[in-house]
file structure39.txt (compact mmCIF, C-alpha atoms (C1' of nucleotides))
# COMPACT_ATOMS: atom_id res chain seq x y z
CA MET A 1069 18.75 58.78 -27.21
CA GLN A 1070 17.56 62.25 -26.43
CA ASP A 1071 19.11 63.23 -29.73
CA ASP A 1072 20.19 61.01 -32.52
CA THR A 1073 23.65 61.50 -33.92
CA SER A 1074 22.47 63.92 -36.58
CA SER A 1075 21.26 66.26 -33.82
CA ASN A 1076 17.58 65.88 -34.64
CA PRO A 1077 15.34 66.19 -31.66
CA CYS A 1078 14.44 62.82 -30.19
CA PRO A 1079 11.32 61.44 -31.85
CA ALA A 1080 9.96 60.07 -28.59
CA PRO A 1081 6.95 62.38 -28.34
CA LEU A 1082 5.96 61.56 -31.91
CA VAL A 1083 6.30 57.85 -31.35
CA PHE A 1084 4.41 57.96 -28.09
CA ALA A 1085 1.59 59.93 -29.69
CA MET A 1086 1.25 57.27 -32.38
CA ILE A 1087 1.22 54.24 -30.11
CA GLY A 1088 0.34 55.78 -26.77
CA GLY A 1089 -3.43 55.61 -26.94
CA LYS A 1090 -5.16 53.60 -24.30
CA TRP A 1091 -5.85 50.61 -26.55
CA LYS A 1092 -3.38 51.03 -29.39
CA LEU A 1093 -0.70 48.74 -28.08
CA SER A 1094 -3.24 45.98 -27.53
CA ILE A 1095 -4.68 46.35 -31.00
CA LEU A 1096 -1.28 46.48 -32.64
CA GLN A 1097 -0.04 43.49 -30.73
CA ILE A 1098 -2.90 41.36 -31.95
CA LEU A 1099 -2.62 42.45 -35.58
CA ILE A 1100 1.17 42.12 -35.55
CA PHE A 1101 1.38 38.67 -34.01
CA ASP A 1102 -1.89 37.10 -35.08
CA GLY A 1103 -2.32 38.71 -38.48
CA THR A 1104 -5.45 39.99 -40.15
CA LYS A 1105 -8.60 40.26 -38.06
CA ARG A 1106 -12.15 41.33 -38.66
CA PHE A 1107 -13.66 44.10 -36.59
CA GLY A 1108 -15.70 41.68 -34.54
CA GLU A 1109 -12.72 39.45 -33.89
CA LEU A 1110 -10.77 42.35 -32.48
CA ARG A 1111 -13.69 43.14 -30.26
CA LYS A 1112 -13.72 39.62 -28.91
CA ALA A 1113 -9.94 39.67 -28.47
CA ILE A 1114 -10.13 42.83 -26.35
CA PRO A 1115 -13.36 42.38 -24.46
CA GLU A 1116 -12.97 45.51 -22.31
CA ILE A 1117 -12.88 47.90 -25.24
CA THR A 1118 -16.08 49.53 -26.41
CA GLN A 1119 -17.13 49.48 -30.02
CA THR A 1120 -16.85 53.25 -30.22
CA MET A 1121 -13.30 53.27 -28.96
CA LEU A 1122 -12.22 50.37 -31.13
CA THR A 1123 -13.45 52.22 -34.20
CA LYS A 1124 -11.73 55.41 -33.14
CA GLN A 1125 -8.39 53.85 -32.29
CA LEU A 1126 -8.38 51.86 -35.51
CA ARG A 1127 -9.01 55.04 -37.46
CA ASP A 1128 -6.08 56.70 -35.70
CA LEU A 1129 -3.81 53.77 -36.43
CA GLU A 1130 -4.94 53.77 -40.03
CA ARG A 1131 -4.24 57.48 -40.38
CA ASP A 1132 -0.72 56.87 -39.03
CA CYS A 1133 -0.18 54.03 -41.51
CA LEU A 1134 0.30 51.38 -38.88
CA VAL A 1135 -2.88 49.52 -39.74
CA GLU A 1136 -4.65 48.82 -43.00
CA ARG A 1137 -8.41 48.62 -43.41
CA VAL A 1138 -10.10 46.62 -46.15
CA VAL A 1139 -13.85 46.82 -46.65
CA TYR A 1140 -15.69 44.07 -48.51
CA ALA A 1141 -18.90 45.08 -50.24
CA GLU A 1142 -21.00 42.40 -48.62
CA VAL A 1143 -23.99 42.14 -46.40
CA PRO A 1144 -23.62 41.71 -43.53
CA PRO A 1145 -20.59 43.98 -43.65
CA LYS A 1146 -17.08 42.59 -43.53
CA VAL A 1147 -14.08 44.74 -42.69
CA GLU A 1148 -10.62 43.38 -42.21
CA TYR A 1149 -7.76 45.01 -40.38
CA SER A 1150 -4.09 44.14 -40.57
CA ALA A 1151 -0.78 45.63 -39.52
CA THR A 1152 1.09 47.40 -42.29
CA GLU A 1153 4.77 46.82 -42.92
CA ASP A 1154 5.42 49.83 -40.71
CA GLY A 1155 3.28 48.33 -38.00
CA VAL A 1156 4.95 44.94 -38.19
CA GLY A 1157 8.25 46.76 -37.72
CA LEU A 1158 7.24 47.26 -34.11
CA MET A 1159 7.41 43.55 -33.43
CA PRO A 1160 10.89 43.67 -31.83
CA ALA A 1161 9.72 46.37 -29.44
CA PHE A 1162 6.79 44.19 -28.38
CA LYS A 1163 9.10 41.25 -27.90
CA GLU A 1164 11.32 43.35 -25.64
CA MET A 1165 8.34 44.36 -23.55
CA HIS A 1166 7.30 40.75 -23.28
CA SER A 1167 10.68 39.57 -22.08
CA TRP A 1168 10.89 42.52 -19.70
CA TRP A 1169 7.74 41.27 -18.06
CA GLU A 1170 8.99 37.71 -17.91
CA THR A 1171 12.29 38.73 -16.32
CA ARG A 1172 10.47 40.92 -13.87
CA LYS A 1173 8.22 38.11 -12.69
CA ARG A 1174 11.29 36.11 -11.70
CA SER A 1175 12.71 38.80 -9.41
CA PRO A 1176 9.86 39.69 -7.09
CA LYS A 1177 10.31 42.36 -4.46
CA ALA A 1178 10.95 41.22 -0.92
CA PRO A 1179 7.86 41.78 1.24
CA MET B 1101 3.18 35.79 -27.84
CA GLN B 1102 -0.50 35.58 -26.99
CA ASP B 1103 0.48 32.90 -24.51
CA ASP B 1104 3.91 32.12 -23.26
CA THR B 1105 5.03 28.52 -23.35
CA SER B 1106 3.74 27.81 -19.86
CA SER B 1107 0.23 28.66 -21.07
CA ASN B 1108 -0.15 31.76 -18.91
CA PRO B 1109 -2.30 34.43 -20.44
CA CYS B 1110 -0.27 37.04 -22.26
CA PRO B 1111 0.69 39.85 -19.90
CA ALA B 1112 0.15 42.51 -22.53
CA PRO B 1113 -2.83 44.19 -20.86
CA LEU B 1114 -0.95 44.41 -17.57
CA VAL B 1115 2.13 45.83 -19.23
CA PHE B 1116 0.13 48.34 -21.22
CA ALA B 1117 -1.73 49.46 -18.11
CA MET B 1118 1.57 50.16 -16.38
CA ILE B 1119 3.20 52.15 -19.15
CA GLY B 1120 0.18 53.24 -21.15
CA GLY B 1121 -0.63 56.53 -19.47
CA LYS B 1122 -0.46 59.59 -21.64
CA TRP B 1123 2.89 60.76 -20.24
CA LYS B 1124 4.39 57.63 -18.73
CA LEU B 1125 6.58 56.66 -21.65
CA SER B 1126 8.02 60.17 -21.82
CA ILE B 1127 8.75 60.26 -18.10
CA LEU B 1128 10.28 56.82 -18.09
CA GLN B 1129 12.43 57.54 -21.10
CA ILE B 1130 13.97 60.54 -19.41
CA LEU B 1131 14.61 58.80 -16.11
CA ILE B 1132 15.96 55.70 -17.82
CA PHE B 1133 18.35 57.41 -20.22
CA ASP B 1134 19.23 60.59 -18.34
CA GLY B 1135 19.12 59.29 -14.78
CA THR B 1136 17.85 60.98 -11.64
CA LYS B 1137 15.87 64.18 -12.04
CA ARG B 1138 14.19 66.62 -9.72
CA PHE B 1139 10.50 67.35 -10.12
CA GLY B 1140 11.18 70.72 -11.69
CA GLU B 1141 13.68 69.26 -14.13
CA LEU B 1142 11.12 66.77 -15.38
CA ARG B 1143 8.69 69.58 -15.83
CA LYS B 1144 11.18 71.47 -17.96
CA ALA B 1145 12.01 68.33 -19.93
CA ILE B 1146 8.33 67.77 -20.79
CA PRO B 1147 7.04 71.31 -21.20
CA GLU B 1148 3.56 70.26 -22.34
CA ILE B 1149 2.73 68.36 -19.18
CA THR B 1150 0.91 70.10 -16.37
CA GLN B 1151 2.16 69.97 -12.81
CA THR B 1152 -0.95 68.12 -11.72
CA MET B 1153 -0.50 65.40 -14.31
CA LEU B 1154 3.21 65.06 -13.69
CA THR B 1155 2.54 64.44 -10.02
CA LYS B 1156 -0.18 61.95 -10.78
CA GLN B 1157 1.74 59.95 -13.35
CA LEU B 1158 4.82 59.86 -11.13
CA ARG B 1159 2.69 58.51 -8.29
CA ASP B 1160 1.35 55.80 -10.59
CA LEU B 1161 4.83 54.86 -11.74
CA GLU B 1162 6.01 54.80 -8.14
CA ARG B 1163 3.15 52.54 -7.11
CA ASP B 1164 4.11 50.16 -9.93
CA CYS B 1165 7.74 50.17 -8.78
CA LEU B 1166 9.08 51.61 -12.01
CA VAL B 1167 10.16 54.90 -10.44
CA GLU B 1168 11.61 55.77 -7.07
CA ARG B 1169 10.91 58.98 -5.18
CA VAL B 1170 13.31 60.48 -2.65
CA VAL B 1171 12.31 63.49 -0.59
CA TYR B 1172 14.98 65.68 0.99
CA ALA B 1173 13.98 67.55 4.13
CA GLU B 1174 15.05 70.93 2.83
CA VAL B 1175 13.52 74.29 2.11
CA PRO B 1176 12.79 74.96 -0.62
CA PRO B 1177 11.67 71.35 -1.12
CA LYS B 1178 13.77 68.93 -3.09
CA VAL B 1179 12.38 65.69 -4.48
CA GLU B 1180 14.33 63.41 -6.75
CA TYR B 1181 12.94 60.80 -9.08
CA SER B 1182 14.80 57.95 -10.69
CA ALA B 1183 14.00 54.77 -12.58
CA THR B 1184 14.13 51.64 -10.48
CA GLU B 1185 15.97 48.54 -11.65
CA ASP B 1186 12.64 47.33 -13.01
CA GLY B 1187 12.22 50.58 -14.85
CA VAL B 1188 15.69 50.51 -16.34
CA GLY B 1189 14.87 47.05 -17.64
CA LEU B 1190 12.63 48.73 -20.20
CA MET B 1191 15.63 50.35 -21.87
CA PRO B 1192 15.87 47.74 -24.67
CA ALA B 1193 12.21 48.26 -25.50
CA PHE B 1194 12.78 52.00 -25.81
CA LYS B 1195 15.81 51.39 -28.00
CA GLU B 1196 13.72 49.21 -30.28
CA MET B 1197 11.11 51.92 -30.58
CA HIS B 1198 13.80 54.41 -31.42
CA SER B 1199 15.32 52.33 -34.16
CA TRP B 1200 11.85 51.54 -35.49
CA TRP B 1201 11.35 55.25 -35.98
CA GLU B 1202 14.72 55.71 -37.63
CA THR B 1203 14.12 52.86 -40.07
CA ARG B 1204 10.69 54.19 -40.82
CA LYS B 1205 11.98 57.63 -41.72
CA ARG B 1206 14.17 56.10 -44.41
CA SER B 1207 11.30 54.38 -46.22
CA PRO B 1208 8.73 57.09 -46.81
CA LYS B 1209 5.47 56.27 -48.52
CA ALA B 1210 5.13 57.21 -52.15
CA PRO B 1211 2.79 60.20 -52.55
C1' DT C 1063 -43.21 41.99 -44.38
C1' DA C 1064 -40.25 41.18 -40.76
C1' DC C 1065 -35.87 39.23 -39.27
C1' DT C 1066 -30.99 38.45 -39.34
C1' DT C 1067 -25.99 39.92 -39.03
C1' DA C 1068 -21.68 42.99 -38.87
C1' DA C 1069 -19.88 47.26 -38.61
C1' DG C 1070 -20.50 50.95 -37.60
C1' DT C 1071 -22.92 56.19 -35.73
C1' DA C 1072 -25.47 59.07 -32.26
C1' DT C 1073 -26.23 60.44 -27.88
C1' DC C 1074 -25.51 61.28 -23.29
C1' DA C 1075 -23.03 60.21 -18.75
C1' DA C 1076 -18.58 59.36 -16.46
C1' DA C 1077 -13.77 59.70 -16.07
C1' DA C 1078 -9.43 61.71 -17.32
C1' DC C 1079 -7.01 65.71 -18.26
C1' DG C 1080 -5.73 70.88 -18.40
C1' DA C 1081 -5.45 75.73 -16.55
C1' DT C 1082 -5.12 78.35 -12.87
C1' DA C 1083 -4.81 79.56 -8.23
C1' DC C 1084 -3.52 78.41 -3.72
C1' DT C 1085 -0.50 76.14 0.25
C1' DA C 1086 3.58 74.87 3.09
C1' DT C 1087 8.17 75.65 4.46
C1' DT C 1088 12.23 78.46 6.24
C1' DG C 1089 16.57 81.01 5.62
C1' DG C 1090 17.66 85.55 4.55
C1' DA C 1091 16.62 90.80 3.36
C1' DG C 1092 14.99 94.87 5.09
C1' DC D 1468 9.50 91.11 13.38
C1' DT D 1469 7.67 90.91 8.84
C1' DC D 1470 7.99 89.85 4.15
C1' DC D 1471 9.72 87.41 0.33
C1' DA D 1472 11.83 83.87 -2.62
C1' DA D 1473 11.95 79.03 -4.30
C1' DT D 1474 10.10 74.23 -4.91
C1' DA D 1475 6.87 70.73 -4.85
C1' DG D 1476 3.11 70.08 -4.43
C1' DT D 1477 -3.00 70.45 -3.63
C1' DA D 1478 -7.63 72.37 -4.76
C1' DT D 1479 -10.87 73.78 -7.82
C1' DC D 1480 -13.18 74.08 -11.88
C1' DG D 1481 -13.86 73.76 -17.02
C1' DT D 1482 -12.79 70.97 -21.17
C1' DT D 1483 -11.73 66.81 -23.64
C1' DT D 1484 -11.71 61.68 -23.82
C1' DT D 1485 -13.71 57.65 -22.96
C1' DG D 1486 -17.67 54.53 -21.73
C1' DA D 1487 -22.59 52.69 -22.05
C1' DT D 1488 -26.34 52.20 -24.59
C1' DA D 1489 -29.31 52.61 -28.35
C1' DC D 1490 -29.94 53.28 -33.16
C1' DT D 1491 -28.71 52.65 -38.37
C1' DT D 1492 -27.79 50.33 -42.74
C1' DA D 1493 -28.24 46.92 -46.24
C1' DA D 1494 -29.29 42.33 -48.71
C1' DG D 1495 -30.65 37.83 -48.27
C1' DT D 1496 -34.04 34.70 -46.04
C1' DA D 1497 -38.41 32.89 -43.91
call {"tool": "encode", "arguments": {"input": "structure39.txt", "output": "structure tokens"}}
result
Amino acid sequence: MQDDTSSNPCPAPLVFAMIGGKWKLSILQILIFDGTKRFGELRKAIPEITQTMLTKQLRDLERDCLVERVVYAEVPPKVEYSATEDGVGLMPAFKEMHSWWETRKRSPKAP
Amino acid sequence: MQDDTSSNPCPAPLVFAMIGGKWKLSILQILIFDGTKRFGELRKAIPEITQTMLTKQLRDLERDCLVERVVYAEVPPKVEYSATEDGVGLMPAFKEMHSWWETRKRSPKAP
DNA sequence: TACTTAAGTATCAAAACGATACTATTGGAG
DNA sequence: CTCCAATAGTATCGTTTTGATACTTAAGTA
């Protein structure tokens, strides 16, 4: 895993930079499993995030082609976000994390 | 995935808090796939990290029972870090991330 | 005219992070 | 006896990220 078979360096740092932001996994999870969301819906879904940060992290995800942004020319404004095909490709990784947590809950440490 | 079948809230925020630090995924990956490492070896393996941050993130991971720390009473000091059983349980998630990247490389966007 | 709503910016304070220097320890060199 | 090497840290301070709050924009409505 440190190298793949073709002797490329392991992509881990690149991957972690793309999804490692403080809120990126939460945003991606919602868009991947729940589908398209408006800006305000994401804000409600992640109440702890600030508007500033949500905007910034979405821009980062958009730049990395994990999330797509569609603006409707309406007033009041309407902007929809959704996971791209690339982004949806992360679904199995999220599922693994989920089942890791579930397994973990069932084997608590002895006090 | 937002809720599991028993109607618990989705653990995503908890999971992401545990592994979401800037360097935690990198540290975990090394300990999970390469096994036990000394402090200095980790530092060499992640050249961009500062000593201060490495210490801090390792302490966080230790507190969350993902990493184990063993101090040897020697001079010069020797401290070994390894992934706990819990930590190793994340291996499938890392493998999924890896194959996501590999797949992704083979379907580049049209310019 | 003023008000409403949604999706942002702008601004400043707080927290996280980075760079660098310093500490503790002790067996061996001189 | 004194000094040094090696490792895993702390301490300190400056920079970058993040958070809290207020402000902006634009078109329809009262």
call {"tool": "residues_around", "arguments": {"input": "structure39.txt", "residues": "D:DT1488", "least_positions_apart": "3", "cutoff": "12 Å", "atoms": "all atoms listed in the file", "output": "PyMOL selection string"}}
result
(chain A and resi 1118-1120) or (chain C and resi 1072-1075)
call {"tool": "atom_distance", "arguments": {"input": "structure39.txt", "atom1": "atom C1' of C:DA1086", "atom2": "atom CA of B:Ala1173"}}
result
12.8 Å
call {"tool": "atom_distance", "arguments": {"input": "structure39.txt", "atom1": "atom CA of A:Gly1157", "atom2": "atom CA of B:Thr1203"}}
result
8.8 Å
call {"tool": "interface_residues", "arguments": {"input": "structure39.txt", "of": "chain D", "to": "chain B", "cutoff": "9 Å", "atoms": "all atoms listed in the file", "output": "PyMOL selection string"}}
result
chain D and resi 1473-1477
call {"tool": "closest_atom_pairs", "arguments": {"input": "structure39.txt", "of": "chain C", "to": "chain B", "cutoff": "12 Å", "atoms": "all atoms listed in the file", "output": "JSON lines"}}
result
{"residue": "C:DA1078", "atom": "C1'", "partner": "B:Met1153", "partner_atom": "CA", "distance": 10.1}
{"residue": "C:DC1079", "atom": "C1'", "partner": "B:Met1153", "partner_atom": "CA", "distance": 7.6}
{"residue": "C:DG1080", "atom": "C1'", "partner": "B:Thr1150", "partner_atom": "CA", "distance": 7.0}
{"residue": "C:DA1081", "atom": "C1'", "partner": "B:Thr1150", "partner_atom": "CA", "distance": 8.5}
{"residue": "C:DT1082", "atom": "C1'", "partner": "B:Thr1150", "partner_atom": "CA", "distance": 10.8}
{"residue": "C:DA1086", "atom": "C1'", "partner": "B:Pro1177", "partner_atom": "CA", "distance": 9.8}
{"residue": "C:DT1087", "atom": "C1'", "partner": "B:Val1175", "partner_atom": "CA", "distance": 6.0}
{"residue": "C:DT1088", "atom": "C1'", "partner": "B:Val1175", "partner_atom": "CA", "distance": 6.0}
{"residue": "C:DG1089", "atom": "C1'", "partner": "B:Val1175", "partner_atom": "CA", "distance": 8.2}
call {"tool": "interface_residues", "arguments": {"input": "structure39.txt", "of": "chain B", "to": "chain A", "cutoff": "10 Å", "atoms": "only C-alpha atoms", "output": "VMD selection string"}}
result
chain B and resid 1101 to 1102 1104 1110 to 1117 1119 to 1126 1129 to 1130 1133 to 1134 1146 1165 1185 to 1204 1207 1209
call {"tool": "residues_near_point", "arguments": {"input": "structure39.txt", "point": "(12.1, 56.5, -4.6)", "cutoff": "7 Å", "atoms": "only C-alpha atoms (C1' of nucleotides)", "output": "PyMOL selection string"}}
result
chain B and resi 1167-1170+1181-1182
call {"tool": "atom_distance", "arguments": {"input": "structure39.txt", "atom1": "atom CA of A:Lys1112", "atom2": "atom C1' of C:DA1068"}}
result
13.2 Å
